[in-house]
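Below is one structure, written out as structure tokens; comments come after it.
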Amino acid sequence: MGRTLFQKVWDLHTVRTLPNGQTQLYIGLHLVHEVTSPQAFAELRERGWRVHAPERTFATVDHIVPTRAQVRPFADEMAESMTQALDRNCREHNIRFFDLASGSQGIVHVIGPEMGLTQPGMTIACGDSHTSTHGAFGAIAFGIGTSQVRDVLASQCLAMSPLRVRRIEVAGRLKPGVYAKDVILTIIGRLGVKGGTGFAYEYAGEAIDRMTMDERMTICNMSIEGGARVGYVNPDDTTASYLKGRPFAPKDSDYAAAVKWWRGLASDPDASWDDVVKLDGETIAPTVTWGINPGQSVAVNDRLPRPDEVPPAERASVAEALDFMGFNAGKPMAGTRIDVAFIGSCTNGRLSDLREAASVVAGHRVSPHVRALVVPGSQKIATAAESEGLDEVFRAAGFEWRGAGCSMCLAMNPDRLEGREVCASSSNRNFKGRQGSPTGRTLLMSPAMVAAAAVAGEVVDVRTWPGPVGTGR
């Protein structure tokens, strides 16, 4: 019987089976940042240990780095202290550090792929829940906690429990104005925020096959929001083309050999999946979250649910969400007023995201009552966008153009909501307090939808926007 990509990669990296049934798994790439690594490095120092494989470890600053003014030393003493600590730890252990002076700094899940560090067949770990992003390349990528960061630094291994594999097939082509963000929000809405517990999600089908690598990264990025530990797409020509010529990708004859090997990692046609879910991509509409978890979403042209219309087990959470958001059950999603518009994050802060959003705002102005900002996912993306004049398009429309970082996605920096503000956000989480204010409210949507909401001052259907929108896939 054939095997899935997950099984192939897992077996290739298995060191041994532990007495408790877990697998000692070798980690091919370890990515670290300033938030979850200080304690891990401190524990190594206390024990007199060294980093086992510094050549497989790469660091950046992203979570706490300010985006408005990035001149060192930072005005925020905590941000400066954490950045200094990471720099000191990287120097001590000979770890490559993509700091602000490198020209390659950015969100960890953005710079890994753009530098060619992320490759098919790898096991990848990072002290950040959205490490699943890297699965877009046919890698098995885990978000881990601080104690596990310590373990990988010390041994390059993790103790992990095997996962079941659910194949999610998205058939057909997406309609114009529908993006990868709408697909993953629809999947989470259907399967639930806990539906993927114990699973790795394998994304497939025509709609996925036709996606760019940026779009696949958006899909895999939010796998964790559906409860899955891992999300991946089988490597193909799109994967290989993306990686060709990138700094850390194989070169020349090694590249040709790598591509051949990558193709062999794809799930076999006769593989056995633990579950298969099928969706029709042609029926997916622009989707917006209305509640306090990523599974609470509706199509932009639908209405918010009424507690008595949902299954009994969901009624309390729906009522809680409506109360927190201050929304009336049954009201239309479109027309919901916003106060802030945020385009960025490891989900949707890539160059293609900025291009889509810029095409929407070009020739328009942000609504007078809306505060709008664009935060590129990396310094390289910022440079590329500026070379295309995208920054000027956004500035002319009334957006703030910022430096690279996580920014308002999680607000561990000055970029945050105030009071009861409602934010149209291209990020990945809408939990209470996620964007810095305990009473702030987040509506997740695609970058194009955020851009349209910023101009309209309220949630609108980007498919009705004047001028061209995304062509669909």
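Residue names in the structure tokens use chain letters A, B, ... in the order shown, residue numbers from 1 in each chain, and ligand numbers from 1 in the order shown.
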
Problem - Nearby residues (only C-alpha atoms) at most 8 Å from Ala453 (chain A), same-chain spacing under 4 positions excluded, as a list in words - result: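 Listing them by chain and then by number gives Ile338, Ala341, Ala424, Met449, Gly457, Glu458, Val459 and Val460 of chain A.
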
Per residue of region 174-258 of chain A within 6 Å of region 262-284 of chain A, note the shortest atom pair and the distance in Å to one decimal, counting only C-alpha atoms, and order the rows by chain and increasing residue number, as JSON lines.
{"residue": "A:Leu174", "atom": "CA", "partner": "A:Glu282", "partner_atom": "CA", "distance": 5.1}
{"residue": "A:Asn234", "atom": "CA", "partner": "A:Ala266", "partner_atom": "CA", "distance": 5.0}
{"residue": "A:Ala258", "atom": "CA", "partner": "A:Trp262", "partner_atom": "CA", "distance": 6.0}

Next, the residues of the selection above should be written as a short mmCIF file (atom, residue, chain, number, x, y, z; two decimals), in the first residue's frame with N, CA, C and O atoms.
data_model
loop_
_atom_site.label_atom_id
_atom_site.label_comp_id
_atom_site.auth_asym_id
_atom_site.auth_seq_id
_atom_site.Cartn_x
_atom_site.Cartn_y
_atom_site.Cartn_z
N LEU A 174 -11.61 28.72 -8.03
CA LEU A 174 -12.17 29.80 -7.23
C LEU A 174 -12.68 30.90 -8.14
O LEU A 174 -12.11 31.18 -9.19
N ASN A 234 1.38 18.71 -1.22
CA ASN A 234 2.40 17.91 -1.88
C ASN A 234 3.22 18.77 -2.83
O ASN A 234 2.68 19.60 -3.56
N ALA A 258 17.51 17.45 -6.42
CA ALA A 258 16.57 17.72 -5.34
C ALA A 258 15.14 17.70 -5.85
O ALA A 258 14.26 17.13 -5.19
#

Exercise for the section: Pick out the residues sitting within 9 Å of Arg56 (chain A), and hand them over as a list of chain:residue names; count only C-alpha atoms, and ignore anything fewer than 2 positions along from it in its own chain. Expected result: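 With the cut-off at 9 Å, the set is A:Ile27, A:Gly28, A:Leu29, A:His30, A:Leu31, A:Ala53, A:Pro54, A:Phe58, A:Ile95, A:Gln156.
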
Those residues you just picked out, can you put them in a file as a PDB file, in the first residue's frame with N, CA, C and O atoms?
ATOM      1  N   ILE A  27      14.976  16.986  13.693  1.00  0.00           N
ATOM      2  CA  ILE A  27      14.458  18.232  13.121  1.00  0.00           C
ATOM      3  C   ILE A  27      15.482  18.806  12.140  1.00  0.00           C
ATOM      4  O   ILE A  27      16.605  19.145  12.519  1.00  0.00           O
ATOM      5  N   GLY A  28      15.067  18.934  10.887  1.00  0.00           N
ATOM      6  CA  GLY A  28      15.985  19.386   9.854  1.00  0.00           C
ATOM      7  C   GLY A  28      16.263  20.870   9.883  1.00  0.00           C
ATOM      8  O   GLY A  28      17.348  21.320   9.495  1.00  0.00           O
ATOM      9  N   LEU A  29      15.285  21.662  10.326  1.00  0.00           N
ATOM     10  CA  LEU A  29      15.434  23.120  10.359  1.00  0.00           C
ATOM     11  C   LEU A  29      14.762  23.660  11.611  1.00  0.00           C
ATOM     12  O   LEU A  29      13.600  23.337  11.885  1.00  0.00           O
ATOM     13  N   HIS A  30      15.498  24.480  12.366  1.00  0.00           N
ATOM     14  CA  HIS A  30      14.967  25.088  13.575  1.00  0.00           C
ATOM     15  C   HIS A  30      15.010  26.601  13.414  1.00  0.00           C
ATOM     16  O   HIS A  30      16.080  27.191  13.191  1.00  0.00           O
ATOM     17  N   LEU A  31      13.870  27.239  13.507  1.00  0.00           N
ATOM     18  CA  LEU A  31      13.764  28.686  13.383  1.00  0.00           C
ATOM     19  C   LEU A  31      13.451  29.280  14.756  1.00  0.00           C
ATOM     20  O   LEU A  31      12.562  28.782  15.458  1.00  0.00           O
ATOM     21  N   ALA A  53      23.278  21.708  16.699  1.00  0.00           N
ATOM     22  CA  ALA A  53      23.462  21.866  15.249  1.00  0.00           C
ATOM     23  C   ALA A  53      23.212  23.324  14.858  1.00  0.00           C
ATOM     24  O   ALA A  53      22.181  23.641  14.257  1.00  0.00           O
ATOM     25  N   PRO A  54      24.115  24.222  15.192  1.00  0.00           N
ATOM     26  CA  PRO A  54      23.891  25.644  14.899  1.00  0.00           C
ATOM     27  C   PRO A  54      23.702  25.916  13.406  1.00  0.00           C
ATOM     28  O   PRO A  54      23.039  26.892  13.036  1.00  0.00           O
ATOM     29  N   PHE A  58      18.325  29.064  12.624  1.00  0.00           N
ATOM     30  CA  PHE A  58      18.336  30.416  12.063  1.00  0.00           C
ATOM     31  C   PHE A  58      17.396  31.288  12.900  1.00  0.00           C
ATOM     32  O   PHE A  58      16.353  30.827  13.355  1.00  0.00           O
ATOM     33  N   ILE A  95      24.946  31.085  15.634  1.00  0.00           N
ATOM     34  CA  ILE A  95      23.692  30.923  14.898  1.00  0.00           C
ATOM     35  C   ILE A  95      23.515  32.095  13.944  1.00  0.00           C
ATOM     36  O   ILE A  95      23.742  33.248  14.309  1.00  0.00           O
ATOM     37  N   GLN A 156      18.678  18.686  18.641  1.00  0.00           N
ATOM     38  CA  GLN A 156      18.130  18.698  17.281  1.00  0.00           C
ATOM     39  C   GLN A 156      17.025  17.655  17.111  1.00  0.00           C
ATOM     40  O   GLN A 156      16.686  17.256  15.996  1.00  0.00           O
TER      41      GLN A 156
END

Problem - One-decimal distance in Å that lies between CA of Tyr232 (chain A) and CA of Val65 (chain A) - result: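 Between these atoms lies a distance of 28.9 Å.
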
Practice task
Would you please give, as a PyMOL selection string, all residues of region 37-203 of chain A that DSSP assigns to strand (DSSP E) based on the backbone?
Solution key: chain A and resi 57-60+96-98+123-126+140-143+157-160+164-171+199-203

Keeping C-alpha atoms, export the residues of the selection given above as a short mmCIF file (atom, residue, chain, number, x, y, z; two decimals), in the first residue's frame.
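Once written, again_10.cif looks like this:
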data_model
loop_
_atom_site.label_atom_id
_atom_site.label_comp_id
_atom_site.auth_asym_id
_atom_site.auth_seq_id
_atom_site.Cartn_x
_atom_site.Cartn_y
_atom_site.Cartn_z
CA THR A 57 19.29 26.96 13.36
CA PHE A 58 18.34 30.42 12.06
CA ALA A 59 17.03 33.43 13.97
CA THR A 60 15.16 36.67 13.36
CA ARG A 96 22.83 32.86 11.74
CA PHE A 97 20.78 35.91 12.79
CA PHE A 98 18.70 37.89 10.31
CA THR A 123 10.94 18.49 9.49
CA ILE A 124 10.76 22.08 10.76
CA ALA A 125 10.21 23.41 14.25
CA CYS A 126 9.78 26.91 15.64
CA ILE A 140 6.24 18.61 8.21
CA ALA A 141 6.36 21.73 10.35
CA PHE A 142 5.49 22.03 14.04
CA GLY A 143 4.91 24.94 16.35
CA CYS A 157 15.35 16.25 18.20
CA LEU A 158 11.79 16.33 19.49
CA ALA A 159 9.64 13.72 21.19
CA MET A 160 6.45 13.69 19.12
CA ARG A 164 -3.49 10.80 11.65
CA VAL A 165 -3.77 12.34 8.18
CA ARG A 166 -6.92 13.98 6.84
CA ARG A 167 -6.96 14.83 3.14
CA ILE A 168 -8.95 17.98 2.34
CA GLU A 169 -9.78 18.22 -1.35
CA VAL A 170 -10.93 21.56 -2.74
CA ALA A 171 -12.31 20.87 -6.21
CA PHE A 199 -4.52 15.27 12.60
CA ALA A 200 -2.17 16.50 9.95
CA TYR A 201 -4.12 18.16 7.12
CA GLU A 202 -3.12 17.33 3.55
CA TYR A 203 -4.57 19.94 1.19
#

Problem - Residue among A:Ala204, A:Val318, A:Ala404, A:Leu390 lying closest to Pro376 (chain A), counting only C-alpha atoms - result: A:Ala404

Practice task
Select, from A:Met325, A:Ala448, A:Met211, A:Leu304, the residue with the minimum atom-to-atom distance to Ile292 (chain A), counting only C-alpha atoms.
Solution key: A:Met325

Handout entry: Of the listed residues A:Ala357, A:Cys423, A:Val298, A:Cys406, that which approaches Phe394 (chain A) most closely, counting only C-alpha atoms
Key = A:Ala357

Handout entry: CA of Ser132 (chain A) to CA of Ser317 (chain A), straight-line distance in Å
Key =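 Atom-to-atom, CA of Ser317 (chain A) to CA of Ser132 (chain A), that is 26.5 Å.
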
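Using only C-alpha atoms, the residues found no farther than 10 Å from Arg429 (chain A), other than those of its own chain fewer than 3 positions away, are Met222, Glu225, Thr289, Ile292, Asn293, Pro294, Gly295, Cys409, Leu410, Ser425, Ser426, Lys432, Arg434, Gln435, Thr442, Leu443 and Leu444 of chain A.
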
Restricted to C-alpha atoms, what would the selected residues look like written as an mmCIF file, in the first residue's frame?
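Printed below is out27.cif as written:
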data_model
loop_
_atom_site.group_PDB
_atom_site.id
_atom_site.type_symbol
_atom_site.label_atom_id
_atom_site.label_comp_id
_atom_site.auth_asym_id
_atom_site.auth_seq_id
_atom_site.Cartn_x
_atom_site.Cartn_y
_atom_site.Cartn_z
ATOM 1 C CA MET A 222 -4.090 28.649 9.510
ATOM 2 C CA GLU A 225 -6.582 27.484 13.826
ATOM 3 C CA THR A 289 -15.171 36.147 10.836
ATOM 4 C CA ILE A 292 -14.148 35.284 18.788
ATOM 5 C CA ASN A 293 -12.546 32.278 17.111
ATOM 6 C CA PRO A 294 -11.579 31.664 13.463
ATOM 7 C CA GLY A 295 -14.367 29.121 13.033
ATOM 8 C CA CYS A 409 -1.462 40.528 14.471
ATOM 9 C CA LEU A 410 -0.711 39.952 18.152
ATOM 10 C CA SER A 425 -7.501 42.247 9.646
ATOM 11 C CA SER A 426 -5.640 39.986 7.241
ATOM 12 C CA LYS A 432 -10.518 38.290 22.781
ATOM 13 C CA ARG A 434 -5.551 39.263 20.472
ATOM 14 C CA GLN A 435 -4.830 42.662 18.945
ATOM 15 C CA THR A 442 -11.221 41.542 15.094
ATOM 16 C CA LEU A 443 -12.781 40.595 11.754
ATOM 17 C CA LEU A 444 -10.523 38.257 9.769
#

Handout entry: Test item: residues at most 8 Å from region 34-43 of chain A, only C-alpha atoms, excluding those fewer than 5 positions along its chain, as a ChimeraX atom specification
Key = /A:60-64,82-83,85-86,89,127-128,145-147,149-150

Just C-alpha atoms for this one: save the residues we selected as a PDB file, in the first residue's frame.
ATOM      1  CA  THR A  60      15.162  36.673  13.363  1.00  0.00           C
ATOM      2  CA  VAL A  61      13.267  39.357  15.288  1.00  0.00           C
ATOM      3  CA  ASP A  62       9.612  39.789  14.439  1.00  0.00           C
ATOM      4  CA  HIS A  63       7.118  39.688  17.326  1.00  0.00           C
ATOM      5  CA  ILE A  64       8.212  42.650  19.403  1.00  0.00           C
ATOM      6  CA  MET A  82      14.886  41.036  23.956  1.00  0.00           C
ATOM      7  CA  THR A  83      16.610  41.897  20.687  1.00  0.00           C
ATOM      8  CA  ALA A  85      19.424  38.938  24.189  1.00  0.00           C
ATOM      9  CA  LEU A  86      18.783  37.149  20.903  1.00  0.00           C
ATOM     10  CA  ASN A  89      22.675  34.165  22.172  1.00  0.00           C
ATOM     11  CA  GLY A 127       8.539  28.356  18.908  1.00  0.00           C
ATOM     12  CA  ASP A 128       5.485  29.795  17.206  1.00  0.00           C
ATOM     13  CA  GLY A 145       6.809  25.599  23.216  1.00  0.00           C
ATOM     14  CA  THR A 146       9.800  27.062  25.014  1.00  0.00           C
ATOM     15  CA  SER A 147      10.841  23.791  26.668  1.00  0.00           C
ATOM     16  CA  VAL A 149      12.836  24.959  21.802  1.00  0.00           C
ATOM     17  CA  ARG A 150      15.414  24.086  24.455  1.00  0.00           C
TER      18      ARG A 150
END

Exercise for the section: Could you jot down the CA of Ala362 (chain A) to CA of Ala397 (chain A) separation for me, Å, one decimal place? Expected result: 6.9 Å

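Across A:Ala454, A:Pro247, A:Pro312, A:Ala69, the tightest approach to Ser104 (chain A) is made by A:Pro247 when counting only C-alpha atoms.
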